[in-house]
Amino acid sequence: MLNNVQPMIKLWYALVDSSNQKYEDQVYPQLSISELNRLGSIKNELKKHEYLLSRALMRHALSLQFKRLSSEWQFIEQSNLAPKINNLPENCHFSLSHSHGKICLAISNEPVGIDIEQKKMRPNFSSLANAFMNQKEAELLDESKSRGSDIFYKIWCAKEASYKITPTCLQQKLFLKQIDYFALTKGIFDQNLSQGLIEQCHIALVTHSKPQNIKKQLAYTFEGGVQIEWF
């Protein structure tokens, strides 16, 4: 995709709670065999709800986007990858992320990566950071102890979103430490990073083209929208 072509991006958000249980119930009869098998393999109850609600959100969003019935979408699960949708329209790309009952979906006309992480206070940010930060990023975390949580999640989300936009054939040889957060913030290497907060969760969005008016972007929900506080 040429850099002067602006991406069409729609963000969707859902929260696992009693008000959204009806969407989980509605999507269950629409699940494919591979989706049912995947659901059956999940032991954690919250993750089961996340899975069902994410499939409901994806079908809902795609149906509104392309004026099709939610039951028409043909999902096939892939091991350690996002699901494949056999009848996805040409030049439609999506990325999905979830964290502790929060689900975020991005749909675009170009490759896109998204990550959402619920902020949690951890006593060992520095030791956890060693698993995915390079030296310069770790130094930023050490220098910003009063904002350690925000720095940690900003870098983590950005790298995860960058990883997701990387072609599958290259992901196996890519480690998060190799993804440079500072390069991402400058739009180097044909990846443009946008970051924000949605209901106190960090989100990161990575596209090849620089999105226009991203700071006005809301996240759609099943029945409305949620404000995103873009940085």
# chains A, B, ... in the order shown; residues from 1 in each chain; ligands from 1
$ residues_around --residues "range 41-46 of chain A" --least-positions-apart "4" --cutoff "7 Å" --atoms "only C-alpha atoms" --output "VMD selection string"
chain A and resid 37 50 101
$ residues_around --residues "Glu77 in chain A" --least-positions-apart "2" --cutoff "10 Å" --atoms "only C-alpha atoms" --output "JSON, numbers by chain"
{"A": [32, 33, 34, 35, 36, 37, 38, 75, 79, 80, 81, 82, 83, 84, 85]}
$ residues_around --residues "range 106-113 of chain A" --least-positions-apart "6" --cutoff "7 Å" --atoms "only C-alpha atoms" --output "MDAnalysis selection string"
chainID A and resid 7:12 91:96 161:162 164:165 205:207
$ write_last_selection --atoms "N, CA and C atoms" --output "mmCIF file, in the first residue's frame"
data_model
loop_
_atom_site.group_PDB
_atom_site.id
_atom_site.type_symbol
_atom_site.label_atom_id
_atom_site.label_comp_id
_atom_site.auth_asym_id
_atom_site.auth_seq_id
_atom_site.Cartn_x
_atom_site.Cartn_y
_atom_site.Cartn_z
ATOM 1 N N PRO A 7 -5.501 5.057 5.243
ATOM 2 C CA PRO A 7 -6.258 3.872 5.650
ATOM 3 C C PRO A 7 -7.641 4.232 6.173
ATOM 4 N N MET A 8 -8.592 3.376 5.875
ATOM 5 C CA MET A 8 -9.902 3.433 6.510
ATOM 6 C C MET A 8 -9.804 2.566 7.751
ATOM 7 N N ILE A 9 -10.035 3.132 8.903
ATOM 8 C CA ILE A 9 -9.912 2.361 10.146
ATOM 9 C C ILE A 9 -11.173 2.540 10.978
ATOM 10 N N LYS A 10 -11.710 1.437 11.434
ATOM 11 C CA LYS A 10 -12.785 1.465 12.415
ATOM 12 C C LYS A 10 -12.360 0.615 13.599
ATOM 13 N N LEU A 11 -12.516 1.175 14.777
ATOM 14 C CA LEU A 11 -12.174 0.463 16.003
ATOM 15 C C LEU A 11 -13.451 0.067 16.734
ATOM 16 N N TRP A 12 -13.429 -1.138 17.276
ATOM 17 C CA TRP A 12 -14.569 -1.681 18.010
ATOM 18 C C TRP A 12 -14.109 -2.132 19.384
ATOM 19 N N ASN A 91 -9.236 -6.706 0.193
ATOM 20 C CA ASN A 91 -8.663 -5.497 0.803
ATOM 21 C C ASN A 91 -9.298 -5.147 2.145
ATOM 22 N N CYS A 92 -9.787 -6.156 2.842
ATOM 23 C CA CYS A 92 -10.267 -5.953 4.206
ATOM 24 C C CYS A 92 -9.322 -6.683 5.148
ATOM 25 N N HIS A 93 -8.802 -5.965 6.119
ATOM 26 C CA HIS A 93 -7.864 -6.524 7.088
ATOM 27 C C HIS A 93 -8.393 -6.254 8.492
ATOM 28 N N PHE A 94 -8.052 -7.118 9.420
ATOM 29 C CA PHE A 94 -8.504 -6.917 10.793
ATOM 30 C C PHE A 94 -7.428 -7.367 11.769
ATOM 31 N N SER A 95 -7.533 -6.871 12.986
ATOM 32 C CA SER A 95 -6.652 -7.292 14.077
ATOM 33 C C SER A 95 -7.482 -7.297 15.352
ATOM 34 N N LEU A 96 -7.245 -8.297 16.187
ATOM 35 C CA LEU A 96 -8.058 -8.497 17.384
ATOM 36 C C LEU A 96 -7.160 -8.625 18.602
ATOM 37 N N ALA A 161 1.363 -4.669 18.869
ATOM 38 C CA ALA A 161 0.647 -4.228 17.668
ATOM 39 C C ALA A 161 1.552 -4.287 16.446
ATOM 40 N N SER A 162 2.817 -3.923 16.618
ATOM 41 C CA SER A 162 3.780 -4.003 15.517
ATOM 42 C C SER A 162 3.986 -5.447 15.085
ATOM 43 N N LYS A 164 1.845 -7.841 15.294
ATOM 44 C CA LYS A 164 0.650 -8.339 14.620
ATOM 45 C C LYS A 164 0.549 -7.875 13.169
ATOM 46 N N ILE A 165 1.109 -6.701 12.859
ATOM 47 C CA ILE A 165 1.037 -6.217 11.481
ATOM 48 C C ILE A 165 2.137 -6.840 10.614
ATOM 49 N N LEU A 205 -2.204 1.079 18.110
ATOM 50 C CA LEU A 205 -2.651 0.790 16.753
ATOM 51 C C LEU A 205 -1.481 1.051 15.815
ATOM 52 N N VAL A 206 -1.167 0.086 14.957
ATOM 53 C CA VAL A 206 -0.081 0.244 14.003
ATOM 54 C C VAL A 206 -0.611 0.007 12.594
ATOM 55 N N THR A 207 -0.343 0.962 11.707
ATOM 56 C CA THR A 207 -0.707 0.862 10.293
ATOM 57 C C THR A 207 0.510 1.246 9.460
#
$ select_by_dssp --residues "range 113-229 of chain A" --states "helix (DSSP H, G or I)" --output "JSON, numbers by chain"
{"A": [125, 126, 127, 128, 129, 135, 136, 137, 138, 139, 140, 141, 142, 143, 145, 146, 147, 148, 149, 150, 151, 152, 153, 154, 155, 156, 157, 158, 159, 160, 161, 162, 163, 164, 165, 168, 169, 170, 171, 176, 177, 178, 181, 182, 183, 184, 185, 188, 189, 190, 214, 215, 216]}
$ closest_residue --among "A:His49, A:Lys67, A:Gln227, A:Leu174" --to "Asp25 in chain A" --atoms "only C-alpha atoms"
A:His49
$ closest_residue --among "A:Glu24, A:Glu137, A:Glu229, A:Glu160" --to "Ser97 in chain A" --atoms "only C-alpha atoms"
A:Glu160
$ residues_around --residues "Phe132 in chain A" --least-positions-apart "2" --cutoff "9 Å" --atoms "only C-alpha atoms" --output "JSON, numbers by chain"
{"A": [128, 129, 130, 134, 156, 159, 175, 176, 177, 178, 179]}
$ write_last_selection --atoms "C-alpha atoms" --output "PDB file, in the first residue's frame"
ATOM      1  CA  LEU A 128       9.323  -8.324  33.269  1.00  0.00           C
ATOM      2  CA  ALA A 129      10.648  -5.656  30.921  1.00  0.00           C
ATOM      3  CA  ASN A 130      13.851  -7.620  30.382  1.00  0.00           C
ATOM      4  CA  ASN A 134      15.961  -3.400  24.539  1.00  0.00           C
ATOM      5  CA  TRP A 156       4.410  -3.488  25.477  1.00  0.00           C
ATOM      6  CA  LYS A 159       5.442  -3.864  20.232  1.00  0.00           C
ATOM      7  CA  PHE A 175      11.175 -11.269  18.845  1.00  0.00           C
ATOM      8  CA  LEU A 176       9.644  -8.314  20.668  1.00  0.00           C
ATOM      9  CA  LYS A 177      13.097  -7.127  21.748  1.00  0.00           C
ATOM     10  CA  GLN A 178      13.918  -6.601  18.065  1.00  0.00           C
ATOM     11  CA  ILE A 179      11.013  -4.167  17.625  1.00  0.00           C
TER      12      ILE A 179
END
$ closest_atom_pairs --of "range 130-158 of chain A" --to "range 191-201 of chain A" --cutoff "12 Å" --atoms "only C-alpha atoms" --output "CSV"
residue,atom,partner,partner_atom,distance
A:Ser149,CA,A:Cys201,CA,11.4
A:Asp150,CA,A:Cys201,CA,10.0
A:Ile151,CA,A:Gln195,CA,11.7
A:Tyr153,CA,A:Cys201,CA,9.0
A:Lys154,CA,A:Gln195,CA,7.5
A:Ile155,CA,A:Gln195,CA,9.9
A:Trp156,CA,A:Gln195,CA,11.3
A:Cys157,CA,A:Gln195,CA,8.5
A:Ala158,CA,A:Leu193,CA,7.1
$ atom_distance --atom1 "CA of Gln30 in chain A" --atom2 "CA of Ala14 in chain A"
18.7 Å
$ atom_distance --atom1 "CA of Tyr13 in chain A" --atom2 "CA of Ser70 in chain A"
17.3 Å
$ select_by_dssp --residues "range 106-205 of chain A" --states "strand (DSSP E)" --output "JSON list (two decimals) with N, CA and C atoms, in the first residue's frame"
[["chain", "number", "residue", "atom", "x", "y", "z"],
["A", 106, "ALA", "N", -9.82, -3.96, 15.30],
["A", 106, "ALA", "CA", -9.57, -2.94, 14.28],
["A", 106, "ALA", "C", -9.87, -3.54, 12.92],
["A", 107, "ILE", "N", -10.60, -2.81, 12.09],
["A", 107, "ILE", "CA", -10.89, -3.21, 10.71],
["A", 107, "ILE", "C", -10.37, -2.10, 9.80],
["A", 108, "SER", "N", -9.64, -2.48, 8.75],
["A", 108, "SER", "CA", -9.02, -1.48, 7.89],
["A", 108, "SER", "C", -8.94, -2.00, 6.45],
["A", 112, "VAL", "N", -3.20, -4.02, 9.50],
["A", 112, "VAL", "CA", -3.35, -3.28, 10.74],
["A", 112, "VAL", "C", -3.00, -4.20, 11.91],
["A", 113, "GLY", "N", -2.46, -3.62, 12.96],
["A", 113, "GLY", "CA", -2.20, -4.37, 14.18],
["A", 113, "GLY", "C", -2.72, -3.59, 15.36],
["A", 114, "ILE", "N", -3.36, -4.27, 16.30],
["A", 114, "ILE", "CA", -3.89, -3.59, 17.48],
["A", 114, "ILE", "C", -3.61, -4.43, 18.72],
["A", 115, "ASP", "N", -3.39, -3.75, 19.84],
["A", 115, "ASP", "CA", -3.21, -4.44, 21.11],
["A", 115, "ASP", "C", -3.86, -3.62, 22.21],
["A", 116, "ILE", "N", -4.48, -4.31, 23.14],
["A", 116, "ILE", "CA", -5.08, -3.68, 24.31],
["A", 116, "ILE", "C", -4.57, -4.40, 25.54],
["A", 117, "GLU", "N", -4.21, -3.66, 26.57],
["A", 117, "GLU", "CA", -3.72, -4.24, 27.81],
["A", 117, "GLU", "C", -4.31, -3.47, 28.99],
["A", 118, "GLN", "N", -4.92, -4.20, 29.90],
["A", 118, "GLN", "CA", -5.42, -3.57, 31.11],
["A", 118, "GLN", "C", -4.25, -3.27, 32.04],
["A", 192, "ASN", "N", 3.37, 3.04, 11.37],
["A", 192, "ASN", "CA", 2.95, 4.24, 12.08],
["A", 192, "ASN", "C", 2.16, 3.86, 13.32],
["A", 193, "LEU", "N", 2.58, 4.39, 14.45],
["A", 193, "LEU", "CA", 2.01, 4.03, 15.74],
["A", 193, "LEU", "C", 1.09, 5.12, 16.26],
["A", 194, "SER", "N", -0.09, 4.70, 16.72],
["A", 194, "SER", "CA", -1.01, 5.58, 17.45],
["A", 194, "SER", "C", -1.30, 4.90, 18.78],
["A", 195, "GLN", "N", -1.32, 5.69, 19.87],
["A", 195, "GLN", "CA", -1.53, 5.12, 21.19],
["A", 195, "GLN", "C", -2.56, 5.92, 21.98],
["A", 196, "GLY", "N", -3.22, 5.23, 22.90],
["A", 196, "GLY", "CA", -4.21, 5.92, 23.71],
["A", 196, "GLY", "C", -4.69, 5.06, 24.87],
["A", 197, "LEU", "N", -5.72, 5.56, 25.55],
["A", 197, "LEU", "CA", -6.35, 4.85, 26.65],
["A", 197, "LEU", "C", -7.83, 4.70, 26.35],
["A", 198, "ILE", "N", -8.35, 3.53, 26.64],
["A", 198, "ILE", "CA", -9.78, 3.30, 26.51],
["A", 198, "ILE", "C", -10.24, 2.61, 27.80],
["A", 201, "CYS", "N", -7.51, 1.25, 29.88],
["A", 201, "CYS", "CA", -6.68, 0.23, 29.26],
["A", 201, "CYS", "C", -5.81, 0.90, 28.19],
["A", 202, "HIS", "N", -4.55, 0.51, 28.12],
["A", 202, "HIS", "CA", -3.68, 1.00, 27.07],
["A", 202, "HIS", "C", -4.03, 0.32, 25.75],
["A", 203, "ILE", "N", -4.06, 1.10, 24.67],
["A", 203, "ILE", "CA", -4.21, 0.51, 23.35],
["A", 203, "ILE", "C", -3.13, 1.06, 22.43],
["A", 204, "ALA", "N", -2.74, 0.25, 21.46],
["A", 204, "ALA", "CA", -1.78, 0.68, 20.45],
["A", 204, "ALA", "C", -2.30, 0.20, 19.10],
["A", 205, "LEU", "N", -2.20, 1.08, 18.11],
["A", 205, "LEU", "CA", -2.65, 0.79, 16.75],
["A", 205, "LEU", "C", -1.48, 1.05, 15.82]]
